[in-house]
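First comes the structure, then the notes that go with it.
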Amino acid sequence: MTGIIGTWEMSAQGVEKGMALLSGGASAGDAVETAIRDVEENPAFSSVGYGGLPAMDGQVYLDAGWMDGNSLRCGAVVSARGILHPVSLARGLCGRETNWMLAGEGAEAEARQRGLAMRDMRTPEAVEKWKETLHRQCAGMGDRVYRGHDTVCVIARDAKGRMVVGTSTSGLFMKQPGRVGDTPVVGSGFYCDASVGAAAATGLGEDIMRGVLSFACVQYMRSGLSPMEACRSVIRTLQETKDRLGEGQGSFSVIAMDAQGCFGAATSETDFPYVIGQNGSIQVCHAAWDRQ
Ligand code: GLY
């Protein structure tokens, strides 16, 4: 059975396009790349690609990840500027003998060499928001407390049983230049083993990396848990760790799909929308924090 799942409502249009491709016999890889590119090029989304909010220095730094669940090979782009579709570069790096993960100028040079579209990723709205926040910080007016982050993550399974996961983000608003979250980090931001299933995470990268959430979720599925049980288990375990350490409620969510095309999702948030595409229709579902 084919299927596709994406994080947040911003993935709805892309998931629909990906589902149409899968229905026509396309590969899981083409479905995932198409779905994520749709979000990356939409300036309305301030946490991914064009329109993403800048780092402290006013630049937009992009992270993306890719894993092919049949070869267990990965690709990743880290802290790169000016690449319209970092997910396409991450996909392109996956499958090579070495050099799977490229950062900064190395990633940008590779993108140019491959003829990928390059552009200034800063929209006027994003620059305005950056200036306003910088002004508030300089005036000692403090800053909003950052609780989480909205990465686009998409998992797909095609008619041949191939599975792929991809991720893309512009990272935290006002991050320190060079800061990298979970999104391009295999095991934390994404993991896929087509014989078991795949998982991907969104939220505060610093927390997600502590829990190695995506790999942990796939391991739970390997041990026999359903995707939904696996998602709930990793979220509960990480929140319990934070509770034990005396930290507050976290901001992290996970989606998963198993090798049979069943879905799962869970969150530490009060509401986490995710989008499922199967049997010709898409559905926006909601997960919520549940200690049970
Ligand atoms: N989860 C994305 C980030 O923390 O950058």
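In the structure tokens, chains take letters A, B, ... by order of appearance, with residues numbered from 1 within each chain and ligands from 1 in the order shown.
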Could you give me, as JSON lines, every chain A residue with an atom at most 6 Å from ligand 1, plus its closest atom pair and distance in Å to one decimal, counting only C-alpha atoms and all ligand atoms, rows ordered by chain then number?
{"residue": "A:His149", "atom": "CA", "partner": "ligand 1", "partner_atom_place_in_ligand_line": "1 (N)", "distance": 5.4}
{"residue": "A:Thr151", "atom": "CA", "partner": "ligand 1", "partner_atom_place_in_ligand_line": "2 (C)", "distance": 5.6}
{"residue": "A:Gly171", "atom": "CA", "partner": "ligand 1", "partner_atom_place_in_ligand_line": "5 (O)", "distance": 3.6}
{"residue": "A:Leu172", "atom": "CA", "partner": "ligand 1", "partner_atom_place_in_ligand_line": "5 (O)", "distance": 5.3}
{"residue": "A:Gly181", "atom": "CA", "partner": "ligand 1", "partner_atom_place_in_ligand_line": "5 (O)", "distance": 3.9}
{"residue": "A:Asp182", "atom": "CA", "partner": "ligand 1", "partner_atom_place_in_ligand_line": "1 (N)", "distance": 5.3}
{"residue": "A:Thr183", "atom": "CA", "partner": "ligand 1", "partner_atom_place_in_ligand_line": "2 (C)", "distance": 5.3}
{"residue": "A:Thr202", "atom": "CA", "partner": "ligand 1", "partner_atom_place_in_ligand_line": "1 (N)", "distance": 4.8}
{"residue": "A:Gly203", "atom": "CA", "partner": "ligand 1", "partner_atom_place_in_ligand_line": "1 (N)", "distance": 4.6}
{"residue": "A:Leu204", "atom": "CA", "partner": "ligand 1", "partner_atom_place_in_ligand_line": "4 (O)", "distance": 4.3}
{"residue": "A:Gly205", "atom": "CA", "partner": "ligand 1", "partner_atom_place_in_ligand_line": "4 (O)", "distance": 3.2}
Inset, instruction - Once DSSP has gone over the backbone, tell me which residues of range 18-249 of chain A are in strand (DSSP E), as a PyMOL selection string. - result: chain A and resi 62-68+73-80+101-103+152-157+163-169+190-193+197-203
Write the residues you've just listed into a file as a PDB file, in the first residue's frame, and include C-alpha atoms for each of them.
ATOM      1  CA  LEU A  62      19.350  26.085   5.627  1.00  0.00           C
ATOM      2  CA  ASP A  63      19.501  22.484   6.857  1.00  0.00           C
ATOM      3  CA  ALA A  64      18.053  19.420   5.093  1.00  0.00           C
ATOM      4  CA  GLY A  65      18.237  15.649   5.416  1.00  0.00           C
ATOM      5  CA  TRP A  66      17.433  12.607   3.283  1.00  0.00           C
ATOM      6  CA  MET A  67      17.500   8.852   3.855  1.00  0.00           C
ATOM      7  CA  ASP A  68      16.765   6.017   1.454  1.00  0.00           C
ATOM      8  CA  ARG A  73      22.217   5.713   2.597  1.00  0.00           C
ATOM      9  CA  CYS A  74      21.816   9.364   3.586  1.00  0.00           C
ATOM     10  CA  GLY A  75      22.436  12.869   2.340  1.00  0.00           C
ATOM     11  CA  ALA A  76      22.441  16.116   4.309  1.00  0.00           C
ATOM     12  CA  VAL A  77      22.937  19.839   3.843  1.00  0.00           C
ATOM     13  CA  VAL A  78      24.080  21.859   6.835  1.00  0.00           C
ATOM     14  CA  SER A  79      24.034  25.612   7.427  1.00  0.00           C
ATOM     15  CA  ALA A  80      24.005  26.521   3.721  1.00  0.00           C
ATOM     16  CA  MET A 101      26.878  15.550   4.426  1.00  0.00           C
ATOM     17  CA  LEU A 102      28.042  18.936   3.125  1.00  0.00           C
ATOM     18  CA  ALA A 103      28.130  22.157   5.152  1.00  0.00           C
ATOM     19  CA  VAL A 152       8.905  20.086   7.260  1.00  0.00           C
ATOM     20  CA  CYS A 153       9.413  16.310   7.369  1.00  0.00           C
ATOM     21  CA  VAL A 154       7.898  13.898   4.838  1.00  0.00           C
ATOM     22  CA  ILE A 155       7.913  10.089   4.727  1.00  0.00           C
ATOM     23  CA  ALA A 156       6.609   8.082   1.767  1.00  0.00           C
ATOM     24  CA  ARG A 157       6.179   4.452   0.780  1.00  0.00           C
ATOM     25  CA  MET A 163      10.570   4.024   1.667  1.00  0.00           C
ATOM     26  CA  VAL A 164      12.209   7.445   1.919  1.00  0.00           C
ATOM     27  CA  VAL A 165      12.296  10.260   4.481  1.00  0.00           C
ATOM     28  CA  GLY A 166      13.274  13.893   3.883  1.00  0.00           C
ATOM     29  CA  THR A 167      13.504  16.999   6.067  1.00  0.00           C
ATOM     30  CA  SER A 168      14.101  20.733   5.539  1.00  0.00           C
ATOM     31  CA  THR A 169      14.307  23.824   7.754  1.00  0.00           C
ATOM     32  CA  PHE A 190      15.139  11.418  10.464  1.00  0.00           C
ATOM     33  CA  TYR A 191      15.697   7.695  10.039  1.00  0.00           C
ATOM     34  CA  CYS A 192      14.426   5.125   7.539  1.00  0.00           C
ATOM     35  CA  ASP A 193      14.865   1.374   7.220  1.00  0.00           C
ATOM     36  CA  GLY A 197       9.687   1.849   8.783  1.00  0.00           C
ATOM     37  CA  ALA A 198      10.691   5.477   9.066  1.00  0.00           C
ATOM     38  CA  ALA A 199      10.395   8.371  11.492  1.00  0.00           C
ATOM     39  CA  ALA A 200      11.123  12.108  11.452  1.00  0.00           C
ATOM     40  CA  ALA A 201      11.077  14.816  14.095  1.00  0.00           C
ATOM     41  CA  THR A 202      10.127  18.484  14.398  1.00  0.00           C
ATOM     42  CA  GLY A 203      10.529  20.889  17.292  1.00  0.00           C
TER      43      GLY A 203
END
Inset, instruction - Do a neighbour search on Met118 in chain A at 10 Å with only C-alpha atoms, toss out local chain neighbours closer than 3 positions, and write the hits as a VMD selection string. - result: chain A and resid 81 to 86 108 111 to 112 115 121
May I have the residues from that selection written out with all heavy atoms, as a PDB file, in the first residue's frame?
ATOM      1  N   ARG A  81      23.626  28.608   2.550  1.00  0.00           N
ATOM      2  CA  ARG A  81      22.847  29.780   2.164  1.00  0.00           C
ATOM      3  C   ARG A  81      22.533  29.754   0.669  1.00  0.00           C
ATOM      4  O   ARG A  81      23.322  29.237  -0.125  1.00  0.00           O
ATOM      5  CB  ARG A  81      23.627  31.059   2.467  1.00  0.00           C
ATOM      6  CG  ARG A  81      23.726  31.345   3.936  1.00  0.00           C
ATOM      7  CD  ARG A  81      24.421  32.658   4.192  1.00  0.00           C
ATOM      8  NE  ARG A  81      25.798  32.616   3.780  1.00  0.00           N
ATOM      9  CZ  ARG A  81      26.588  33.700   3.672  1.00  0.00           C
ATOM     10  NH1 ARG A  81      26.104  34.882   3.927  1.00  0.00           N
ATOM     11  NH2 ARG A  81      27.836  33.565   3.307  1.00  0.00           N
ATOM     12  N   GLY A  82      21.365  30.316   0.318  1.00  0.00           N
ATOM     13  CA  GLY A  82      21.080  30.605  -1.084  1.00  0.00           C
ATOM     14  C   GLY A  82      20.671  29.436  -1.962  1.00  0.00           C
ATOM     15  O   GLY A  82      20.618  29.580  -3.173  1.00  0.00           O
ATOM     16  N   ILE A  83      20.390  28.285  -1.366  1.00  0.00           N
ATOM     17  CA  ILE A  83      19.962  27.131  -2.176  1.00  0.00           C
ATOM     18  C   ILE A  83      18.435  27.050  -2.075  1.00  0.00           C
ATOM     19  O   ILE A  83      17.901  26.834  -0.983  1.00  0.00           O
ATOM     20  CB  ILE A  83      20.597  25.823  -1.667  1.00  0.00           C
ATOM     21  CG1 ILE A  83      22.124  25.942  -1.618  1.00  0.00           C
ATOM     22  CG2 ILE A  83      20.173  24.633  -2.524  1.00  0.00           C
ATOM     23  CD1 ILE A  83      22.823  24.757  -0.946  1.00  0.00           C
ATOM     24  N   LEU A  84      17.748  27.246  -3.206  1.00  0.00           N
ATOM     25  CA  LEU A  84      16.276  27.290  -3.146  1.00  0.00           C
ATOM     26  C   LEU A  84      15.700  25.972  -2.641  1.00  0.00           C
ATOM     27  O   LEU A  84      14.734  25.958  -1.886  1.00  0.00           O
ATOM     28  CB  LEU A  84      15.705  27.641  -4.535  1.00  0.00           C
ATOM     29  CG  LEU A  84      14.183  27.731  -4.615  1.00  0.00           C
ATOM     30  CD1 LEU A  84      13.619  28.756  -3.626  1.00  0.00           C
ATOM     31  CD2 LEU A  84      13.736  28.076  -6.035  1.00  0.00           C
ATOM     32  N   HIS A  85      16.294  24.857  -3.055  1.00  0.00           N
ATOM     33  CA  HIS A  85      15.755  23.558  -2.643  1.00  0.00           C
ATOM     34  C   HIS A  85      16.845  22.697  -2.003  1.00  0.00           C
ATOM     35  O   HIS A  85      17.376  21.762  -2.640  1.00  0.00           O
ATOM     36  CB  HIS A  85      15.135  22.837  -3.845  1.00  0.00           C
ATOM     37  CG  HIS A  85      13.896  23.507  -4.345  1.00  0.00           C
ATOM     38  ND1 HIS A  85      12.777  23.662  -3.562  1.00  0.00           N
ATOM     39  CD2 HIS A  85      13.607  24.085  -5.539  1.00  0.00           C
ATOM     40  CE1 HIS A  85      11.839  24.301  -4.252  1.00  0.00           C
ATOM     41  NE2 HIS A  85      12.319  24.570  -5.446  1.00  0.00           N
ATOM     42  N   PRO A  86      17.156  22.980  -0.739  1.00  0.00           N
ATOM     43  CA  PRO A  86      18.189  22.165  -0.068  1.00  0.00           C
ATOM     44  C   PRO A  86      17.851  20.676  -0.039  1.00  0.00           C
ATOM     45  O   PRO A  86      18.756  19.836  -0.057  1.00  0.00           O
ATOM     46  CB  PRO A  86      18.273  22.759   1.348  1.00  0.00           C
ATOM     47  CG  PRO A  86      17.162  23.742   1.463  1.00  0.00           C
ATOM     48  CD  PRO A  86      16.684  24.085   0.100  1.00  0.00           C
ATOM     49  N   GLU A 108      27.112  24.888  -0.838  1.00  0.00           N
ATOM     50  CA  GLU A 108      26.712  25.898  -1.840  1.00  0.00           C
ATOM     51  C   GLU A 108      27.439  25.664  -3.174  1.00  0.00           C
ATOM     52  O   GLU A 108      26.836  25.761  -4.242  1.00  0.00           O
ATOM     53  CB  GLU A 108      27.000  27.304  -1.287  1.00  0.00           C
ATOM     54  CG  GLU A 108      26.110  27.631  -0.084  1.00  0.00           C
ATOM     55  CD  GLU A 108      26.719  28.677   0.851  1.00  0.00           C
ATOM     56  OE1 GLU A 108      27.620  29.431   0.426  1.00  0.00           O
ATOM     57  OE2 GLU A 108      26.302  28.728   2.015  1.00  0.00           O
ATOM     58  N   ALA A 111      25.883  22.702  -4.904  1.00  0.00           N
ATOM     59  CA  ALA A 111      24.577  23.047  -5.488  1.00  0.00           C
ATOM     60  C   ALA A 111      24.765  23.788  -6.811  1.00  0.00           C
ATOM     61  O   ALA A 111      24.075  23.501  -7.799  1.00  0.00           O
ATOM     62  CB  ALA A 111      23.777  23.902  -4.509  1.00  0.00           C
ATOM     63  N   ARG A 112      25.701  24.731  -6.814  1.00  0.00           N
ATOM     64  CA  ARG A 112      25.959  25.478  -8.060  1.00  0.00           C
ATOM     65  C   ARG A 112      26.460  24.545  -9.151  1.00  0.00           C
ATOM     66  O   ARG A 112      26.015  24.592 -10.293  1.00  0.00           O
ATOM     67  CB  ARG A 112      26.977  26.601  -7.801  1.00  0.00           C
ATOM     68  CG  ARG A 112      26.333  27.875  -7.252  1.00  0.00           C
ATOM     69  CD  ARG A 112      27.309  29.043  -7.282  1.00  0.00           C
ATOM     70  NE  ARG A 112      28.399  28.840  -6.357  1.00  0.00           N
ATOM     71  CZ  ARG A 112      28.393  29.208  -5.082  1.00  0.00           C
ATOM     72  NH1 ARG A 112      27.339  29.842  -4.596  1.00  0.00           N
ATOM     73  NH2 ARG A 112      29.410  28.968  -4.293  1.00  0.00           N
ATOM     74  N   GLY A 115      23.863  22.716 -10.853  1.00  0.00           N
ATOM     75  CA  GLY A 115      22.893  23.539 -11.575  1.00  0.00           C
ATOM     76  C   GLY A 115      21.591  23.732 -10.821  1.00  0.00           C
ATOM     77  O   GLY A 115      20.555  24.055 -11.426  1.00  0.00           O
ATOM     78  N   MET A 121      17.488  33.978  -0.121  1.00  0.00           N
ATOM     79  CA  MET A 121      16.331  33.337   0.520  1.00  0.00           C
ATOM     80  C   MET A 121      15.578  34.280   1.462  1.00  0.00           C
ATOM     81  O   MET A 121      14.602  33.888   2.092  1.00  0.00           O
ATOM     82  CB  MET A 121      16.789  32.090   1.286  1.00  0.00           C
ATOM     83  CG  MET A 121      17.448  31.033   0.409  1.00  0.00           C
ATOM     84  SD  MET A 121      16.332  30.346  -0.828  1.00  0.00           S
ATOM     85  CE  MET A 121      15.421  29.150   0.163  1.00  0.00           C
TER      86      MET A 121
END
Legend entry - Among listed residues A:Val32, A:Met10, A:Cys217, A:Ala259, nearest Gly189 in chain A (using only C-alpha atoms):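 Closest candidate: A:Cys217.
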Legend entry - Backbone DSSP call of alpha helix (DSSP H) for range 64-277 of chain A, listed as a PyMOL selection string: chain A and resi 86-93+104-113+124-138+205-211+213-222+227-244
Inset, instruction - Using only C-alpha atoms, determine which residues lie at most 12 Å from Gln249 in chain A, disregarding the query and same-chain residues fewer than 2 positions distant; provide the list as a list in words. - result: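 Everything that qualifies: Arg147, Gly148, Leu204, Asp207, Ile235, Arg236, Leu238, Gln239, Glu240, Thr241, Lys242, Asp243, Arg244, Leu245, Gly246, Glu247, Ser251, Phe252, Thr267, Ser268, Glu269, Thr270, Trp289, Asp290 and Arg291 of chain A.
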Inset, instruction - Could you please determine the separation between CA of Val186 in chain A and CA of Gly248 in chain A in Å, to one decimal place? - result: 26.0 Å
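Among the candidates A:Gly51, A:Gly29, A:Gly280, A:Gly92, the residue lying nearest to Gly69 in chain A is A:Gly29 (atoms considered: only C-alpha atoms).
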Legend entry - Residue with smallest distance to Ala265 in chain A - pool A:Pro43, A:Pro227, A:Gly161, A:Gly49, counting only C-alpha atoms: A:Pro227
Legend entry - Pairwise distance for CA of Val218 in chain A and CA of Ala230 in chain A, rounded to one decimal in Å: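 Answer for the CA of Val218 in chain A to CA of Ala230 in chain A separation: 7.5 Å.
The smallest atom-to-atom distance between Ser253 in chain A and any of A:Gln13, A:Ser47, A:Ser226, A:Thr7, using only C-alpha atoms, is found for A:Thr7.
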